[in-house]
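Structure below is final.cif: mmCIF, C-alpha atoms.
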```cif
data_structure
loop_
_atom_site.label_atom_id
_atom_site.label_comp_id
_atom_site.auth_asym_id
_atom_site.auth_seq_id
_atom_site.Cartn_x
_atom_site.Cartn_y
_atom_site.Cartn_z
CA MET A 1 -4.19 8.55 -20.55
CA ASN A 2 -3.67 7.02 -17.12
CA THR A 3 -0.85 8.43 -15.03
CA ASN A 4 1.52 6.16 -13.13
CA ASN A 5 -0.31 7.06 -9.92
CA GLU A 6 -3.67 6.15 -11.43
CA LEU A 7 -2.34 2.80 -12.68
CA ILE A 8 -0.98 2.01 -9.23
CA LEU A 9 -4.32 2.85 -7.64
CA LEU A 10 -6.26 0.82 -10.23
CA LYS A 11 -4.19 -2.23 -9.28
CA GLU A 12 -4.79 -1.45 -5.60
CA ASN A 13 -8.55 -1.69 -6.05
CA VAL A 14 -8.37 -5.46 -5.68
CA SER A 15 -7.86 -4.80 -1.97
CA LYS A 16 -9.87 -2.69 0.46
CA PRO A 17 -7.41 -0.88 2.75
CA ILE A 18 -9.89 1.58 4.28
CA TYR A 19 -11.99 0.38 7.20
CA SER A 20 -14.55 3.16 7.09
CA LEU A 21 -15.26 6.73 6.06
CA THR A 22 -16.54 9.65 8.10
CA PRO A 23 -18.10 11.83 5.40
CA PHE A 24 -18.10 15.11 7.32
CA THR A 25 -16.39 16.63 10.35
CA LEU A 26 -15.61 20.10 11.64
CA LEU A 27 -13.48 18.79 14.52
CA ASP A 28 -10.55 16.92 13.01
CA TYR A 29 -8.89 19.58 10.85
CA PRO A 30 -8.52 22.96 12.56
CA HIS A 31 -10.96 25.50 11.10
CA LYS A 32 -11.72 23.33 8.06
CA SER A 33 -14.50 21.04 6.89
CA ALA A 34 -13.22 17.56 6.19
CA CYS A 35 -13.89 13.87 5.79
CA ILE A 36 -11.88 11.12 7.51
CA LEU A 37 -10.46 7.98 5.92
CA TRP A 38 -9.92 5.30 8.57
CA PHE A 39 -7.22 2.89 7.40
CA ALA A 40 -7.28 -0.63 8.80
CA GLY A 41 -4.23 -2.00 10.62
CA CYS A 42 -1.57 -0.61 12.91
CA ASN A 43 1.96 -1.52 13.97
CA MET A 44 1.30 -0.61 17.60
CA ARG A 45 -1.05 -2.18 20.14
CA CYS A 46 -1.57 0.68 22.56
CA LEU A 47 -3.25 -0.57 25.72
CA TYR A 48 -5.77 2.30 25.75
CA CYS A 49 -6.65 2.15 22.03
CA TYR A 50 -10.40 2.56 21.59
CA ASN A 51 -10.38 1.62 17.90
CA PRO A 52 -9.63 -2.12 18.21
CA GLU A 53 -11.97 -2.95 15.35
CA ILE A 54 -9.88 -0.72 13.05
CA VAL A 55 -6.48 -1.80 14.37
CA LEU A 56 -7.28 -5.51 14.25
CA GLY A 57 -9.87 -5.51 11.48
CA LYS A 58 -9.82 -5.47 7.71
CA GLY A 59 -10.80 -2.77 5.26
CA SER A 60 -14.20 -2.58 3.60
CA LEU A 61 -13.77 0.28 1.11
CA SER A 62 -11.77 0.21 -2.11
CA ILE A 63 -9.65 3.08 -3.42
CA GLU A 64 -12.07 3.37 -6.34
CA LYS A 65 -15.02 4.02 -4.02
CA ILE A 66 -13.05 6.53 -1.98
CA LEU A 67 -11.89 8.49 -5.03
CA SER A 68 -15.44 8.48 -6.38
CA PHE A 69 -16.71 9.89 -3.08
CA LEU A 70 -14.02 12.57 -3.03
CA HIS A 71 -14.81 13.63 -6.60
CA SER A 72 -18.40 14.17 -5.44
CA ARG A 73 -17.18 16.40 -2.59
CA LYS A 74 -14.92 18.71 -4.61
CA ASN A 75 -15.61 22.34 -3.69
CA LEU A 76 -17.79 21.13 -0.81
CA LEU A 77 -15.12 19.92 1.63
CA ASP A 78 -11.84 21.67 2.40
CA ALA A 79 -9.75 18.70 3.47
CA VAL A 80 -9.22 14.95 3.76
CA VAL A 81 -7.94 13.46 7.02
CA PHE A 82 -5.93 10.25 6.72
CA SER A 83 -6.26 8.34 9.98
CA GLY A 84 -6.54 4.82 11.35
CA GLY A 85 -5.06 2.55 12.56
CA GLU A 86 -1.90 3.88 11.01
CA CYS A 87 -2.54 5.29 7.55
CA VAL A 88 1.09 5.60 6.43
CA LEU A 89 1.50 1.80 6.58
CA HIS A 90 -0.61 1.56 3.44
CA LYS A 91 1.81 0.67 0.65
CA ASN A 92 0.33 3.09 -1.88
CA ILE A 93 -0.32 6.01 0.43
CA LEU A 94 1.84 8.39 -1.64
CA PRO A 95 0.03 7.95 -4.98
CA LEU A 96 -3.32 8.08 -3.19
CA ILE A 97 -2.51 11.36 -1.43
CA THR A 98 -1.12 12.69 -4.71
CA GLU A 99 -4.48 12.07 -6.39
CA VAL A 100 -6.33 13.65 -3.46
CA LYS A 101 -4.14 16.75 -3.67
CA LYS A 102 -4.82 16.98 -7.41
CA MET A 103 -8.50 17.32 -6.57
CA GLY A 104 -7.70 20.43 -4.57
CA PHE A 105 -8.13 19.09 -1.05
CA LEU A 106 -5.93 19.92 1.91
CA VAL A 107 -4.44 16.80 3.52
CA LYS A 108 -4.03 16.05 7.22
CA ILE A 109 -2.16 13.00 8.50
CA ASP A 110 -2.84 11.39 11.89
CA THR A 111 0.22 9.31 12.71
CA ASN A 112 2.04 7.50 15.49
CA GLY A 113 5.33 8.53 13.91
CA SER A 114 6.53 4.99 13.28
CA SER A 115 7.40 5.43 9.58
CA PRO A 116 9.94 8.26 9.22
CA ASP A 117 10.93 7.14 5.71
CA VAL A 118 7.37 7.60 4.46
CA MET A 119 7.04 10.89 6.34
CA GLN A 120 10.21 12.16 4.70
CA GLN A 121 8.78 11.41 1.24
CA LEU A 122 5.47 13.04 2.06
CA LEU A 123 7.22 16.17 3.28
CA LYS A 124 9.68 16.24 0.37
CA GLN A 125 6.84 16.02 -2.16
CA ASN A 126 4.76 18.67 -0.36
CA LEU A 127 1.84 16.27 0.04
CA ILE A 128 0.81 17.24 3.58
CA ASP A 129 -0.79 20.41 4.91
CA TYR A 130 -1.22 19.46 8.58
CA ILE A 131 0.06 16.68 10.87
CA ALA A 132 -1.20 15.33 14.18
CA LEU A 133 1.59 13.36 15.85
CA ASP A 134 0.82 11.01 18.72
CA PHE A 135 3.32 11.21 21.58
CA LYS A 136 2.50 7.98 23.38
CA SER A 137 4.73 8.18 26.44
CA PRO A 138 8.25 8.86 27.66
CA LYS A 139 10.87 6.47 26.32
CA SER A 140 10.91 4.42 29.54
CA LYS A 141 7.24 3.43 29.14
CA PHE A 142 6.91 3.40 25.37
CA GLN A 143 7.32 -0.33 24.82
CA SER A 144 4.97 -1.34 27.63
CA ILE A 145 2.20 1.06 26.54
CA THR A 146 2.45 0.59 22.77
CA GLN A 147 3.60 -3.05 22.74
CA SER A 148 6.18 -2.00 20.17
CA ASP A 149 9.84 -1.06 19.87
CA LEU A 150 9.28 2.03 17.75
CA TYR A 151 10.32 4.92 19.98
CA ALA A 152 13.41 5.72 17.87
CA SER A 153 11.20 5.90 14.77
CA PHE A 154 8.79 8.26 16.55
CA GLU A 155 11.68 10.52 17.57
CA GLU A 156 13.05 10.55 14.01
CA THR A 157 9.64 11.48 12.66
CA LEU A 158 9.33 14.30 15.19
CA ASN A 159 12.74 15.62 14.12
CA LEU A 160 11.66 15.60 10.47
CA ILE A 161 8.45 17.47 11.20
CA LEU A 162 10.23 20.05 13.34
CA LYS A 163 12.62 20.77 10.45
CA SER A 164 9.73 21.26 8.04
CA GLU A 165 7.42 24.25 7.85
CA ILE A 166 4.26 22.15 8.05
CA PRO A 167 1.70 23.15 10.71
CA PHE A 168 1.38 20.31 13.19
CA GLU A 169 0.28 19.37 16.68
CA VAL A 170 1.54 16.95 19.29
CA ARG A 171 -1.02 15.02 21.32
CA THR A 172 -1.08 12.43 24.09
CA THR A 173 -3.83 10.18 25.41
CA TYR A 174 -3.77 10.13 29.21
CA HIS A 175 -4.81 7.23 31.44
CA SER A 176 -4.06 7.56 35.14
CA ASP A 177 -2.86 3.93 35.42
CA LEU A 178 -0.41 4.29 32.52
CA LEU A 179 1.00 7.80 32.81
CA THR A 180 1.75 9.91 35.87
CA GLU A 181 1.93 13.67 36.07
CA GLU A 182 5.70 13.23 36.37
CA ASP A 183 5.66 11.34 33.06
CA LEU A 184 3.86 14.25 31.43
CA GLU A 185 6.38 16.70 32.88
CA GLU A 186 9.16 14.59 31.38
CA MET A 187 7.42 14.61 28.01
CA VAL A 188 7.07 18.40 28.13
CA ARG A 189 10.80 18.72 28.91
CA PHE A 190 11.57 16.40 26.00
CA LEU A 191 9.60 18.63 23.63
CA GLU A 192 11.30 21.73 25.01
CA ASN A 193 14.71 20.15 24.41
CA LYS A 194 13.60 19.54 20.82
CA LYS A 195 12.81 23.28 20.55
CA TYR A 196 9.14 22.60 20.08
CA THR A 197 6.92 25.56 20.89
CA GLY A 198 3.17 25.93 20.88
CA ASN A 199 0.24 23.83 22.03
CA TYR A 200 0.54 20.32 23.41
CA TYR A 201 -2.82 18.55 23.48
CA ILE A 202 -3.76 16.06 26.20
CA GLN A 203 -6.86 13.96 25.69
CA TYR A 204 -8.33 11.91 28.51
CA PHE A 205 -8.82 8.19 28.07
CA LYS A 206 -12.42 7.35 27.21
CA ASN A 207 -13.91 5.35 30.04
CA ASN A 208 -16.57 2.71 29.35
CA VAL A 209 -15.46 1.96 25.80
CA GLU A 210 -13.96 -1.20 24.31
CA THR A 211 -10.17 -1.06 24.20
CA LEU A 212 -7.35 -3.34 23.08
CA SER A 213 -6.45 -4.08 26.69
CA LYS A 214 -8.78 -4.30 29.64
CA LEU A 215 -8.06 -1.21 31.70
CA GLU A 216 -9.52 0.04 34.94
CA ARG A 217 -11.35 3.35 34.98
CA SER A 218 -9.09 6.39 34.62
CA TYR A 219 -9.71 8.76 37.52
CA ASN A 220 -6.89 11.27 37.83
CA ARG A 221 -7.09 14.74 36.42
CA ILE A 222 -4.12 16.81 35.38
CA ASP A 223 -3.24 20.42 36.12
CA CYS A 224 -2.75 22.00 32.67
CA GLU A 225 -1.52 25.27 34.13
CA LYS A 226 1.10 23.50 36.24
CA LEU A 227 2.36 21.43 33.29
CA SER A 228 2.50 24.37 30.87
CA THR A 229 5.76 26.26 30.41
CA THR A 230 6.73 29.59 28.88
CA THR A 231 7.01 27.95 25.45
CA ILE A 232 4.56 25.03 25.60
CA LYS A 233 0.90 25.37 26.54
CA ILE A 234 -0.99 22.28 27.67
CA ILE A 235 -4.51 22.18 26.25
CA LEU A 236 -7.02 19.60 27.42
CA ARG A 237 -9.26 17.88 24.91
CA GLU A 238 -12.21 16.19 26.53
#
```
Target encoding structure tokens, full file:
Amino acid sequence: MNTNNELILLKENVSKPIYSLTPFTLLDYPHKSACILWFAGCNMRCLYCYNPEIVLGKGSLSIEKILSFLHSRKNLLDAVVFSGGECVLHKNILPLITEVKKMGFLVKIDTNGSSPDVMQQLLKQNLIDYIALDFKSPKSKFQSITQSDLYASFEETLNLILKSEIPFEVRTTYHSDLLTEEDLEEMVRFLENKKYTGNYYIQYFKNNVETLSKLERSYNRIDCEKLSTTTIKIILRE
């Protein structure tokens, strides 16, 4: 007998919400083997985004094909990473993750934090095992960098995650023309005021790649030791 979740997903197969699939990675879920589902579409237009084909494009893989692939990887992969684009915009993300969890996989969500209502449901139903939350910029620059008015939603999502017991990380993409070292210091203070402790990951903008907006080469380097505090450690991801 089909469950409600399965019926929902069967109906969803008429569309193809997933842009592409990375069948194997050891880099995207800490200390776990995983695959990555790249969901098409996003509600932000970050100037430095180097996945314009995913953000602006359409999906090519149906839910049926994805579930079939995951069934073939049971006991071979530890986890499934939901990324994009912005994966939580997908209207049937909850039943899909529910089915993935039933297969025994750990679930990681990569998110810009723009959908606190969905995040609250995911947390309430214990559907997530790890979260990577993008911290785009301080509030003063958020709209110009993301081309969106979603800072309040990001902050609400951060508050929800902090109240949960889910392992998570905060990360920021750095371009020297968009963020200054003073901006990063402000972002660290913001996290400290939220009582966040642990690692804060900074990843440099990828030069010489196609992006949503034409940007000049990013030159500046940041001093991780200077930006780190007694409670927050800045870690650079090349």
What are the closest atom pairs, with distances in Å to one decimal, for all residues of segment 34-152 of chain A lying within 10 Å of segment 156-166 of chain A? Consider all atoms listed in the file, order rows by chain and residue number, and present the result as a Markdown table.
```
| residue | atom | partner | partner_atom | distance |
| --- | --- | --- | --- | --- |
| A:Thr111 | CA | A:Thr157 | CA | 9.7 |
| A:Asn112 | CA | A:Thr157 | CA | 9.0 |
| A:Gly113 | CA | A:Thr157 | CA | 5.4 |
| A:Ser114 | CA | A:Thr157 | CA | 7.2 |
| A:Ser115 | CA | A:Thr157 | CA | 7.1 |
| A:Pro116 | CA | A:Thr157 | CA | 4.7 |
| A:Asp117 | CA | A:Thr157 | CA | 8.3 |
| A:Val118 | CA | A:Thr157 | CA | 9.4 |
| A:Met119 | CA | A:Thr157 | CA | 6.9 |
| A:Gln120 | CA | A:Leu160 | CA | 6.9 |
| A:Leu123 | CA | A:Ser164 | CA | 7.4 |
| A:Lys124 | CA | A:Ser164 | CA | 9.2 |
| A:Asn126 | CA | A:Ile166 | CA | 9.1 |
| A:Ile128 | CA | A:Ile166 | CA | 7.5 |
| A:Asp129 | CA | A:Ile166 | CA | 6.2 |
| A:Tyr130 | CA | A:Ile166 | CA | 6.1 |
| A:Ile131 | CA | A:Ile166 | CA | 7.5 |
| A:Leu133 | CA | A:Leu158 | CA | 7.8 |
| A:Asp134 | CA | A:Leu158 | CA | 9.8 |
| A:Phe135 | CA | A:Leu158 | CA | 9.3 |
| A:Tyr151 | CA | A:Glu156 | CA | 8.6 |
| A:Ala152 | CA | A:Glu156 | CA | 6.2 |
```
Problem set entry | Result set, the PyMOL selection byres ((chain A and resi 25) around 12) on current file, as a list in words | Leu21, Thr22, Pro23, Phe24, Leu26, Leu27, Asp28, Tyr29, Pro30, His31, Lys32, Ser33, Ala34, Cys35, Ile36, Leu37, Leu77, Asp78, Ala79, Val80 and Val81 of chain A
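Remark: for Leu106 of chain A, the closest of the candidate residues A:Arg171, A:His90, A:Lys74, A:Arg237 is A:Lys74 (distances computed over all atoms listed in the file).
With distances restricted to all atoms listed in the file, A:Lys194 is the closest residue to Glu155 of chain A from A:Lys194, A:His175, A:Arg189, A:Lys65.
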Exercise. For the file shown, what are the residues hit by the PyMOL selection byres ((chain A and resi 210) around 8), laid out as a VMD selection string?
Worked result: chain A and resid 50 to 52 208 to 209 211 to 212
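Atom CA of Pro17 of chain A to atom CA of Lys136 of chain A spans 24.5 Å [interatomic distance, one decimal].
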For this session: Translate the PyMOL selection byres ((chain A and resi 177) around 10), as applied to the file shown, into an explicit residue set as a PyMOL selection string.
Result: chain A and resi 174-176+178-180+215-220
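Distance-wise, atom CA of Ile54 of chain A and atom CA of Asp110 of chain A end up 14.1 Å apart.
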Residue rebuild result segment 184-197 of chain A, N, CA and C atoms as a tab-separated table (two decimals), keeping the file's coordinate frame:
```
chain	number	residue	atom	x	y	z
A	184	LEU	N	4.24	13.15	32.31
A	184	LEU	CA	3.86	14.25	31.43
A	184	LEU	C	4.86	15.40	31.52
A	185	GLU	N	5.35	15.67	32.72
A	185	GLU	CA	6.38	16.70	32.88
A	185	GLU	C	7.63	16.33	32.10
A	186	GLU	N	7.99	15.05	32.14
A	186	GLU	CA	9.16	14.59	31.38
A	186	GLU	C	8.94	14.74	29.89
A	187	MET	N	7.73	14.49	29.44
A	187	MET	CA	7.42	14.61	28.01
A	187	MET	C	7.46	16.07	27.57
A	188	VAL	N	6.99	16.96	28.43
A	188	VAL	CA	7.07	18.40	28.13
A	188	VAL	C	8.54	18.83	28.02
A	189	ARG	N	9.38	18.37	28.96
A	189	ARG	CA	10.80	18.72	28.91
A	189	ARG	C	11.45	18.19	27.64
A	190	PHE	N	11.06	16.98	27.24
A	190	PHE	CA	11.57	16.40	26.00
A	190	PHE	C	11.25	17.30	24.80
A	191	LEU	N	10.00	17.75	24.73
A	191	LEU	CA	9.60	18.63	23.63
A	191	LEU	C	10.34	19.96	23.68
A	192	GLU	N	10.54	20.49	24.87
A	192	GLU	CA	11.30	21.73	25.01
A	192	GLU	C	12.73	21.55	24.52
A	193	ASN	N	13.34	20.42	24.86
A	193	ASN	CA	14.71	20.15	24.41
A	193	ASN	C	14.80	20.01	22.89
A	194	LYS	N	13.67	19.63	22.28
A	194	LYS	CA	13.60	19.54	20.82
A	194	LYS	C	13.30	20.90	20.17
A	195	LYS	N	13.14	21.92	21.01
A	195	LYS	CA	12.81	23.28	20.55
A	195	LYS	C	11.40	23.38	20.00
A	196	TYR	N	10.54	22.50	20.46
A	196	TYR	CA	9.14	22.60	20.08
A	196	TYR	C	8.48	23.71	20.89
A	197	THR	N	7.68	24.51	20.22
A	197	THR	CA	6.92	25.56	20.89
A	197	THR	C	5.48	25.51	20.41
```
